[in-house]
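For reference, upload.cif is printed below; it contains mmCIF, C-alpha atoms.
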```
data_start
loop_
_atom_site.label_atom_id
_atom_site.label_comp_id
_atom_site.auth_asym_id
_atom_site.auth_seq_id
_atom_site.Cartn_x
_atom_site.Cartn_y
_atom_site.Cartn_z
CA MET A 1 28.43 27.21 22.69
CA ASP A 2 30.48 25.84 19.81
CA LYS A 3 30.72 22.03 19.97
CA LEU A 4 34.46 22.26 19.27
CA ILE A 5 34.98 24.25 22.47
CA LEU A 6 33.22 21.57 24.50
CA ASP A 7 35.18 18.83 22.74
CA HIS A 8 38.46 20.52 23.65
CA ALA A 9 37.28 20.96 27.23
CA TYR A 10 36.41 17.30 27.58
CA ASP A 11 39.76 16.32 26.06
CA ALA A 12 41.28 17.59 29.32
CA PHE A 13 40.09 14.46 31.11
CA LYS A 14 41.83 12.24 28.59
CA ILE A 15 45.00 14.33 28.54
CA GLU A 16 45.34 14.33 32.31
CA ALA A 17 44.56 10.61 32.57
CA GLU A 18 47.32 9.85 30.04
CA SER A 19 49.85 11.86 32.04
CA LEU A 20 48.83 10.21 35.31
CA ALA A 21 49.39 6.81 33.74
CA ALA A 22 52.73 7.93 32.29
CA THR A 23 53.85 9.22 35.69
CA ALA A 24 53.04 5.88 37.31
CA GLU A 25 55.34 4.28 34.74
CA VAL A 26 58.33 6.60 35.27
CA MET A 27 58.09 6.84 39.08
CA ASP A 28 60.96 4.89 40.63
CA ARG A 29 59.55 2.71 43.42
CA GLU A 30 62.77 2.79 45.46
CA GLN A 31 62.93 6.57 45.30
CA PHE A 32 59.27 6.77 46.29
CA ALA A 33 59.88 4.44 49.23
CA LYS A 34 62.81 6.59 50.40
CA ALA A 35 60.63 9.69 50.23
CA VAL A 36 57.96 8.00 52.36
CA GLU A 37 60.55 7.00 54.98
CA LEU A 38 62.00 10.52 55.14
CA LEU A 39 58.58 12.14 55.46
CA SER A 40 57.49 9.64 58.09
CA LYS A 41 60.53 10.15 60.32
CA ALA A 42 61.27 13.88 59.97
CA GLU A 43 60.40 16.15 62.86
CA ARG A 44 59.42 18.91 60.43
CA ILE A 45 58.60 19.05 56.72
CA GLY A 46 58.90 22.09 54.49
CA ALA A 47 57.70 22.46 50.92
CA ALA A 48 58.28 25.10 48.29
CA GLY A 49 57.35 25.76 44.68
CA CYS A 50 56.49 28.70 42.45
CA GLY A 51 53.17 29.40 40.74
CA HIS A 52 50.94 26.36 40.34
CA SER A 53 53.66 24.23 41.92
CA GLY A 54 53.55 26.37 45.04
CA ILE A 55 49.79 26.09 45.31
CA CYS A 56 50.10 22.33 45.01
CA CYS A 57 52.78 22.33 47.72
CA GLN A 58 50.30 24.03 50.04
CA HIS A 59 47.96 21.11 49.41
CA PHE A 60 50.82 18.72 50.15
CA CYS A 61 51.53 20.36 53.51
CA HIS A 62 47.88 20.12 54.46
CA LEU A 63 47.88 16.42 53.54
CA MET A 64 50.90 15.85 55.79
CA CYS A 65 49.32 17.72 58.69
CA CYS A 66 46.19 15.59 58.32
CA VAL A 67 48.27 12.51 59.20
CA GLU A 68 50.11 14.40 61.96
CA ARG A 69 53.34 15.03 60.07
CA PRO A 70 54.09 18.70 60.88
CA ALA A 71 54.51 20.51 57.57
CA ARG A 72 54.65 24.09 56.39
CA PHE A 73 54.59 25.69 52.95
CA ILE A 74 57.49 28.11 52.69
CA SER A 75 57.04 30.83 50.11
CA PRO A 76 60.12 31.06 47.87
CA ALA A 77 60.04 34.82 48.38
CA GLU A 78 59.96 34.53 52.17
CA ALA A 79 62.38 31.59 52.33
CA VAL A 80 65.44 33.75 51.72
CA HIS A 81 64.20 36.43 54.11
CA GLY A 82 64.25 34.35 57.26
CA ALA A 83 61.52 31.72 56.78
CA LEU A 84 64.09 28.94 56.32
CA GLY A 85 64.73 29.22 60.03
CA TYR A 86 61.88 26.71 60.24
CA ILE A 87 64.06 24.01 58.69
CA GLN A 88 66.52 22.30 61.05
CA LYS A 89 69.04 19.48 60.77
CA GLY A 90 67.29 16.20 60.05
CA ASP A 91 64.18 17.85 58.61
CA VAL A 92 62.88 17.35 55.08
CA MET A 93 62.45 20.01 52.40
CA LEU A 94 60.31 19.09 49.39
CA LEU A 95 60.87 21.14 46.24
CA MET A 96 58.49 21.04 43.29
CA SER A 97 59.57 22.20 39.83
CA ARG A 98 58.58 20.50 36.61
CA GLY A 99 61.67 21.81 34.81
CA GLY A 100 63.94 21.50 37.84
CA LYS A 101 65.72 24.79 37.16
CA THR A 102 63.76 27.33 39.19
CA ASP A 103 66.34 29.79 40.52
CA GLU A 104 64.53 30.49 43.79
CA LEU A 105 64.30 26.78 44.60
CA ILE A 106 67.95 26.12 43.82
CA GLN A 107 68.92 28.73 46.40
CA ILE A 108 66.53 27.18 48.93
CA MET A 109 67.98 23.73 48.24
CA ASN A 110 71.53 24.90 48.84
CA ILE A 111 70.63 26.58 52.13
CA CYS A 112 68.70 23.55 53.37
CA ARG A 113 71.49 21.16 52.45
CA GLY A 114 73.91 23.37 54.34
CA LYS A 115 71.66 23.10 57.39
CA GLY A 116 71.62 19.29 57.22
CA ALA A 117 68.11 18.81 55.89
CA SER A 118 67.17 16.13 53.36
CA ILE A 119 65.89 17.22 49.96
CA ILE A 120 63.05 15.63 48.00
CA THR A 121 62.61 16.99 44.49
CA VAL A 122 59.55 16.40 42.31
CA THR A 123 60.42 17.10 38.68
CA GLU A 124 60.21 15.92 35.10
CA ASN A 125 63.83 16.81 34.36
CA LEU A 126 66.04 14.21 36.01
CA ASP A 127 69.20 15.99 34.79
CA SER A 128 68.23 19.33 36.30
CA PRO A 129 70.05 21.07 39.17
CA LEU A 130 67.19 20.36 41.57
CA ALA A 131 67.22 16.67 40.69
CA LEU A 132 71.00 16.29 40.84
CA GLY A 133 71.17 18.06 44.20
CA ALA A 134 68.41 16.07 45.87
CA ASP A 135 68.55 13.06 48.17
CA VAL A 136 65.38 11.69 46.57
CA VAL A 137 63.92 12.44 43.14
CA LEU A 138 60.28 11.72 42.32
CA ALA A 139 59.82 11.70 38.56
CA MET A 140 56.72 13.00 36.87
CA LYS A 141 55.59 12.89 33.25
CA VAL A 142 53.37 15.42 31.53
CA THR A 143 52.43 14.45 27.99
CA ARG A 144 50.95 17.91 27.43
CA GLU A 145 48.99 20.61 29.22
CA CYS A 146 45.26 20.81 28.56
CA ASP A 147 45.10 24.16 26.77
CA LYS A 148 45.66 24.51 23.04
CA TYR A 149 48.91 26.40 23.60
CA ASN A 150 50.32 23.69 25.88
CA CYS A 151 51.50 26.25 28.41
CA GLN A 152 48.98 26.54 31.29
CA GLY A 153 49.85 24.55 34.42
CA THR A 154 46.86 22.26 34.20
CA THR A 155 47.99 18.69 33.59
CA SER A 156 51.19 19.32 35.53
CA PHE A 157 49.11 20.44 38.53
CA ALA A 158 46.95 17.31 38.34
CA VAL A 159 50.00 15.05 38.13
CA THR A 160 51.76 16.79 41.02
CA SER A 161 48.63 16.58 43.15
CA ALA A 162 48.36 12.86 42.44
CA ILE A 163 51.98 12.32 43.49
CA PHE A 164 51.30 14.12 46.76
CA ASP A 165 48.11 12.10 47.28
CA ALA A 166 50.13 8.90 46.77
CA LEU A 167 52.74 10.07 49.28
CA GLN A 168 50.12 10.74 51.94
CA THR A 169 48.51 7.38 51.27
CA ALA A 170 51.85 5.64 51.87
CA VAL A 171 52.82 7.76 54.89
CA LEU A 172 49.48 6.94 56.49
CA GLU A 173 50.23 3.23 56.09
CA TYR A 174 53.92 3.48 57.06
CA THR A 175 53.19 5.34 60.31
CA ASP A 176 50.13 3.22 61.12
CA PHE A 177 48.07 6.39 61.40
CA GLN A 178 44.64 5.70 62.89
CA ASN A 179 41.35 7.43 62.12
CA GLN A 180 40.85 8.10 65.82
CA LYS A 181 43.69 10.63 65.60
CA PHE A 182 42.12 12.25 62.57
CA ALA A 183 38.83 12.57 64.43
CA VAL A 184 40.60 14.64 67.10
CA ILE A 185 42.21 17.11 64.68
CA HIS A 186 39.29 17.17 62.22
CA PRO A 187 36.12 17.44 64.34
CA ASN A 188 34.16 19.57 61.88
CA GLY A 189 32.81 18.92 58.41
CA ALA A 190 31.04 15.79 57.22
CA VAL A 191 34.08 13.54 57.69
CA GLY A 192 34.85 14.80 61.19
CA LYS A 193 31.24 14.48 62.32
CA ARG A 194 31.02 10.95 60.91
CA LEU A 195 34.21 9.88 62.67
CA ASN A 196 33.20 11.36 66.00
CA GLU A 197 29.72 9.84 65.87
CA THR A 198 31.27 6.37 65.83
CA LYS A 199 33.21 6.89 69.09
#
```

In structure tokens, how does this file's structure come out?
Amino acid sequence: MDKLILDHAYDAFKIEAESLAATAEVMDREQFAKAVELLSKAERIGAAGCGHSGICCQHFCHLMCCVERPARFISPAEAVHGALGYIQKGDVMLLMSRGGKTDELIQIMNICRGKGASIITVTENLDSPLALGADVVLAMKVTRECDKYNCQGTTSFAVTSAIFDALQTAVLEYTDFQNQKFAVIHPNGAVGKRLNETK
């Protein structure tokens, strides 16, 4: 294989690391704290995004469920065909869009706000409709995507995933979640077996 191809591949680690560091700089600590409080107190959590953002939102919902915060990924296509019945007054809807202008998510936001749910938006565009319409905005920063065309959702996926990891880390602390609870809902796999062996 051409050395240049491998060099470009390994540049991905540096590119993503730079964007993770940049995101830590632009993330507003007060906004982050508000997001943690909302997620920790809501009866239900919904999350929606399109493409790579949607896949990352599925990961986010799993992270929330792992600390016993009931969460469900709501497909943008299904959301406007009845799935938003899941969201009730006082719940939280998290919307992920780097550009903050995704049409499907704007419609979801408006419906959820009308139902009395709180909106958390994760975006790079703080002047976007999704940012301006949210109760909490979590800023991200992507210096560039990994591919040579700067268009594949690579770095943006890594940054979004890191934001969601940070949220779960804080929610775990805020709610005083204990590993004994995790052992009950995660009995299988290496982690589950290790936790249950120590009982």

Please provide the set of residues having any atom within 10 Å of A:Ser53, restricted to all atoms listed in the file, with same-chain residues fewer than 4 positions apart removed, written as a PDB file with C-alpha atoms, in the frame of the given file.
```pdb
ATOM      1  CA  ALA A  48      58.280  25.100  48.290  1.00  0.00           C
ATOM      2  CA  GLY A  49      57.350  25.760  44.680  1.00  0.00           C
ATOM      3  CA  CYS A  57      52.780  22.330  47.720  1.00  0.00           C
ATOM      4  CA  GLN A  58      50.300  24.030  50.040  1.00  0.00           C
ATOM      5  CA  HIS A  59      47.960  21.110  49.410  1.00  0.00           C
ATOM      6  CA  LEU A  95      60.870  21.140  46.240  1.00  0.00           C
ATOM      7  CA  MET A  96      58.490  21.040  43.290  1.00  0.00           C
ATOM      8  CA  SER A  97      59.570  22.200  39.830  1.00  0.00           C
ATOM      9  CA  ARG A  98      58.580  20.500  36.610  1.00  0.00           C
ATOM     10  CA  VAL A 122      59.550  16.400  42.310  1.00  0.00           C
ATOM     11  CA  GLY A 153      49.850  24.550  34.420  1.00  0.00           C
ATOM     12  CA  SER A 156      51.190  19.320  35.530  1.00  0.00           C
ATOM     13  CA  PHE A 157      49.110  20.440  38.530  1.00  0.00           C
ATOM     14  CA  THR A 160      51.760  16.790  41.020  1.00  0.00           C
ATOM     15  CA  SER A 161      48.630  16.580  43.150  1.00  0.00           C
TER      16      SER A 161
END
```

Practice item. Calculate how many Å separate atom CA of A:Asp176 from atom CA of A:Ser40, rounding to one decimal. Key: 10.2 Å

Practice item. Would you kindly translate the PyMOL selection byres ((chain A and resi 108) around 9) into the concrete residues it picks from this file, as a VMD selection string? Key: chain A and resid 48 76 79 to 80 84 93 95 103 to 107 109 to 113

Exercise for review: Excluding A:Ile45 and any residue of its chain fewer than 2 positions from it, enumerate the residues within 8 Å of it, using all atoms listed in the file, and give them as number ranges by chain.
Suggested key: A: 39, 42-43, 47, 61, 69-72, 87, 91-94

Exercise for review: Determine, counting all atoms listed in the file, which protein, DNA and RNA residues have an atom within 12 Å of an atom of A:Ala158; residues of the same chain fewer than 2 positions away are not included. Present the result as a PyMOL selection string.
Suggested key: chain A and resi 12-13+15-21+23+52-53+55-56+59+140-142+144-146+152-156+160-165

Exercise for review: Report the distance between atom CA of A:Thr169 and atom CA of A:Leu126 in Å, rounded to one decimal place.
Suggested key: 24.2 Å

Got a moment to write stretch 59-177 of chain A out with C-alpha atoms, as a PDB file, in the first residue's frame?
```
ATOM      1  CA  HIS A  59     -25.515   5.523  21.232  1.00  0.00           C
ATOM      2  CA  PHE A  60     -26.565   8.413  23.480  1.00  0.00           C
ATOM      3  CA  CYS A  61     -29.880   6.747  24.333  1.00  0.00           C
ATOM      4  CA  HIS A  62     -28.100   3.529  25.216  1.00  0.00           C
ATOM      5  CA  LEU A  63     -25.724   5.462  27.480  1.00  0.00           C
ATOM      6  CA  MET A  64     -28.682   7.034  29.273  1.00  0.00           C
ATOM      7  CA  CYS A  65     -30.421   3.690  29.716  1.00  0.00           C
ATOM      8  CA  CYS A  66     -27.221   2.258  31.197  1.00  0.00           C
ATOM      9  CA  VAL A  67     -27.539   4.749  34.080  1.00  0.00           C
ATOM     10  CA  GLU A  68     -31.294   4.151  34.342  1.00  0.00           C
ATOM     11  CA  ARG A  69     -32.427   7.319  32.570  1.00  0.00           C
ATOM     12  CA  PRO A  70     -35.186   6.036  30.245  1.00  0.00           C
ATOM     13  CA  ALA A  71     -34.291   7.155  26.729  1.00  0.00           C
ATOM     14  CA  ARG A  72     -35.402   6.358  23.213  1.00  0.00           C
ATOM     15  CA  PHE A  73     -34.030   7.253  19.796  1.00  0.00           C
ATOM     16  CA  ILE A  74     -36.843   8.671  17.690  1.00  0.00           C
ATOM     17  CA  SER A  75     -36.298   8.401  13.959  1.00  0.00           C
ATOM     18  CA  PRO A  76     -36.925  11.765  12.283  1.00  0.00           C
ATOM     19  CA  ALA A  77     -39.038   9.942   9.707  1.00  0.00           C
ATOM     20  CA  GLU A  78     -41.184   8.245  12.351  1.00  0.00           C
ATOM     21  CA  ALA A  79     -41.327  11.270  14.653  1.00  0.00           C
ATOM     22  CA  VAL A  80     -43.893  13.084  12.531  1.00  0.00           C
ATOM     23  CA  HIS A  81     -45.922   9.918  12.010  1.00  0.00           C
ATOM     24  CA  GLY A  82     -46.874   9.345  15.628  1.00  0.00           C
ATOM     25  CA  ALA A  83     -43.607   8.490  17.411  1.00  0.00           C
ATOM     26  CA  LEU A  84     -43.544  11.856  19.194  1.00  0.00           C
ATOM     27  CA  GLY A  85     -46.372  10.536  21.328  1.00  0.00           C
ATOM     28  CA  TYR A  86     -43.514   9.214  23.461  1.00  0.00           C
ATOM     29  CA  ILE A  87     -42.578  12.745  24.509  1.00  0.00           C
ATOM     30  CA  GLN A  88     -44.706  14.285  27.268  1.00  0.00           C
ATOM     31  CA  LYS A  89     -44.700  17.550  29.202  1.00  0.00           C
ATOM     32  CA  GLY A  90     -41.571  17.835  31.315  1.00  0.00           C
ATOM     33  CA  ASP A  91     -39.579  15.384  29.206  1.00  0.00           C
ATOM     34  CA  VAL A  92     -36.348  16.193  27.370  1.00  0.00           C
ATOM     35  CA  MET A  93     -35.737  16.013  23.628  1.00  0.00           C
ATOM     36  CA  LEU A  94     -32.110  16.090  22.473  1.00  0.00           C
ATOM     37  CA  LEU A  95     -31.521  17.147  18.870  1.00  0.00           C
ATOM     38  CA  MET A  96     -28.185  16.681  17.131  1.00  0.00           C
ATOM     39  CA  SER A  97     -27.280  18.652  14.002  1.00  0.00           C
ATOM     40  CA  ARG A  98     -23.848  20.058  13.286  1.00  0.00           C
ATOM     41  CA  GLY A  99     -25.282  22.795  11.059  1.00  0.00           C
ATOM     42  CA  GLY A 100     -28.396  23.303  13.165  1.00  0.00           C
ATOM     43  CA  LYS A 101     -30.685  23.683  10.157  1.00  0.00           C
ATOM     44  CA  THR A 102     -31.977  20.163   9.541  1.00  0.00           C
ATOM     45  CA  ASP A 103     -35.591  20.588   8.427  1.00  0.00           C
ATOM     46  CA  GLU A 104     -36.840  17.367  10.016  1.00  0.00           C
ATOM     47  CA  LEU A 105     -35.387  18.315  13.395  1.00  0.00           C
ATOM     48  CA  ILE A 106     -36.822  21.826  13.320  1.00  0.00           C
ATOM     49  CA  GLN A 107     -40.289  20.330  12.924  1.00  0.00           C
ATOM     50  CA  ILE A 108     -39.619  17.918  15.789  1.00  0.00           C
ATOM     51  CA  MET A 109     -38.398  20.779  17.975  1.00  0.00           C
ATOM     52  CA  ASN A 110     -41.525  22.823  17.360  1.00  0.00           C
ATOM     53  CA  ILE A 111     -43.818  19.907  18.188  1.00  0.00           C
ATOM     54  CA  CYS A 112     -41.920  19.045  21.362  1.00  0.00           C
ATOM     55  CA  ARG A 113     -41.891  22.646  22.547  1.00  0.00           C
ATOM     56  CA  GLY A 114     -45.635  22.777  21.990  1.00  0.00           C
ATOM     57  CA  LYS A 115     -46.004  19.702  24.195  1.00  0.00           C
ATOM     58  CA  GLY A 116     -44.002  21.308  27.020  1.00  0.00           C
ATOM     59  CA  ALA A 117     -40.784  19.347  26.632  1.00  0.00           C
ATOM     60  CA  SER A 118     -37.332  20.866  27.113  1.00  0.00           C
ATOM     61  CA  ILE A 119     -34.981  20.979  24.133  1.00  0.00           C
ATOM     62  CA  ILE A 120     -31.243  20.303  24.187  1.00  0.00           C
ATOM     63  CA  THR A 121     -29.469  21.018  20.915  1.00  0.00           C
ATOM     64  CA  VAL A 122     -25.960  19.855  20.053  1.00  0.00           C
ATOM     65  CA  THR A 123     -24.592  21.933  17.181  1.00  0.00           C
ATOM     66  CA  GLU A 124     -21.669  23.900  15.815  1.00  0.00           C
ATOM     67  CA  ASN A 125     -23.884  26.729  14.572  1.00  0.00           C
ATOM     68  CA  LEU A 126     -24.991  28.770  17.571  1.00  0.00           C
ATOM     69  CA  ASP A 127     -27.047  31.104  15.342  1.00  0.00           C
ATOM     70  CA  SER A 128     -29.026  28.278  13.756  1.00  0.00           C
ATOM     71  CA  PRO A 129     -32.766  27.685  14.195  1.00  0.00           C
ATOM     72  CA  LEU A 130     -32.143  24.606  16.343  1.00  0.00           C
ATOM     73  CA  ALA A 131     -29.805  26.543  18.627  1.00  0.00           C
ATOM     74  CA  LEU A 132     -32.034  29.598  18.925  1.00  0.00           C
ATOM     75  CA  GLY A 133     -35.083  27.463  19.691  1.00  0.00           C
ATOM     76  CA  ALA A 134     -33.439  25.327  22.355  1.00  0.00           C
ATOM     77  CA  ASP A 135     -33.472  25.592  26.136  1.00  0.00           C
ATOM     78  CA  VAL A 136     -29.861  24.401  26.254  1.00  0.00           C
ATOM     79  CA  VAL A 137     -27.212  24.525  23.533  1.00  0.00           C
ATOM     80  CA  LEU A 138     -24.119  22.332  23.650  1.00  0.00           C
ATOM     81  CA  ALA A 139     -21.506  23.714  21.282  1.00  0.00           C
ATOM     82  CA  MET A 140     -19.185  21.523  19.283  1.00  0.00           C
ATOM     83  CA  LYS A 141     -16.207  22.349  17.086  1.00  0.00           C
ATOM     84  CA  VAL A 142     -15.017  20.361  14.097  1.00  0.00           C
ATOM     85  CA  THR A 143     -11.775  21.653  12.613  1.00  0.00           C
ATOM     86  CA  ARG A 144     -12.218  19.335   9.629  1.00  0.00           C
ATOM     87  CA  GLU A 145     -13.441  15.875   8.737  1.00  0.00           C
ATOM     88  CA  CYS A 146     -10.843  13.154   8.251  1.00  0.00           C
ATOM     89  CA  ASP A 147     -11.280  12.487   4.538  1.00  0.00           C
ATOM     90  CA  LYS A 148      -9.490  14.515   1.882  1.00  0.00           C
ATOM     91  CA  TYR A 149     -12.760  16.044   0.693  1.00  0.00           C
ATOM     92  CA  ASN A 150     -13.709  17.205   4.200  1.00  0.00           C
ATOM     93  CA  CYS A 151     -17.256  15.923   3.810  1.00  0.00           C
ATOM     94  CA  GLN A 152     -17.618  12.489   5.479  1.00  0.00           C
ATOM     95  CA  GLY A 153     -19.114  12.545   8.985  1.00  0.00           C
ATOM     96  CA  THR A 154     -16.012  11.221  10.689  1.00  0.00           C
ATOM     97  CA  THR A 155     -14.585  13.845  13.028  1.00  0.00           C
ATOM     98  CA  SER A 156     -18.055  15.213  13.694  1.00  0.00           C
ATOM     99  CA  PHE A 157     -19.176  11.733  14.792  1.00  0.00           C
ATOM    100  CA  ALA A 158     -16.200  11.391  17.141  1.00  0.00           C
ATOM    101  CA  VAL A 159     -16.836  14.808  18.670  1.00  0.00           C
ATOM    102  CA  THR A 160     -20.555  14.154  19.124  1.00  0.00           C
ATOM    103  CA  SER A 161     -19.850  10.791  20.717  1.00  0.00           C
ATOM    104  CA  ALA A 162     -17.417  12.416  23.142  1.00  0.00           C
ATOM    105  CA  ILE A 163     -20.028  15.005  24.138  1.00  0.00           C
ATOM    106  CA  PHE A 164     -22.508  12.222  24.849  1.00  0.00           C
ATOM    107  CA  ASP A 165     -19.878  10.299  26.818  1.00  0.00           C
ATOM    108  CA  ALA A 166     -19.234  13.423  28.912  1.00  0.00           C
ATOM    109  CA  LEU A 167     -22.963  13.852  29.540  1.00  0.00           C
ATOM    110  CA  GLN A 168     -23.323  10.283  30.778  1.00  0.00           C
ATOM    111  CA  THR A 169     -20.269  10.684  32.989  1.00  0.00           C
ATOM    112  CA  ALA A 170     -21.844  13.750  34.620  1.00  0.00           C
ATOM    113  CA  VAL A 171     -25.349  12.254  34.887  1.00  0.00           C
ATOM    114  CA  LEU A 172     -23.879   9.211  36.623  1.00  0.00           C
ATOM    115  CA  GLU A 173     -22.271  11.499  39.208  1.00  0.00           C
ATOM    116  CA  TYR A 174     -25.262  13.860  39.541  1.00  0.00           C
ATOM    117  CA  THR A 175     -27.735  11.028  40.196  1.00  0.00           C
ATOM    118  CA  ASP A 176     -25.307   9.102  42.420  1.00  0.00           C
ATOM    119  CA  PHE A 177     -25.767   6.065  40.205  1.00  0.00           C
TER     120      PHE A 177
END
```
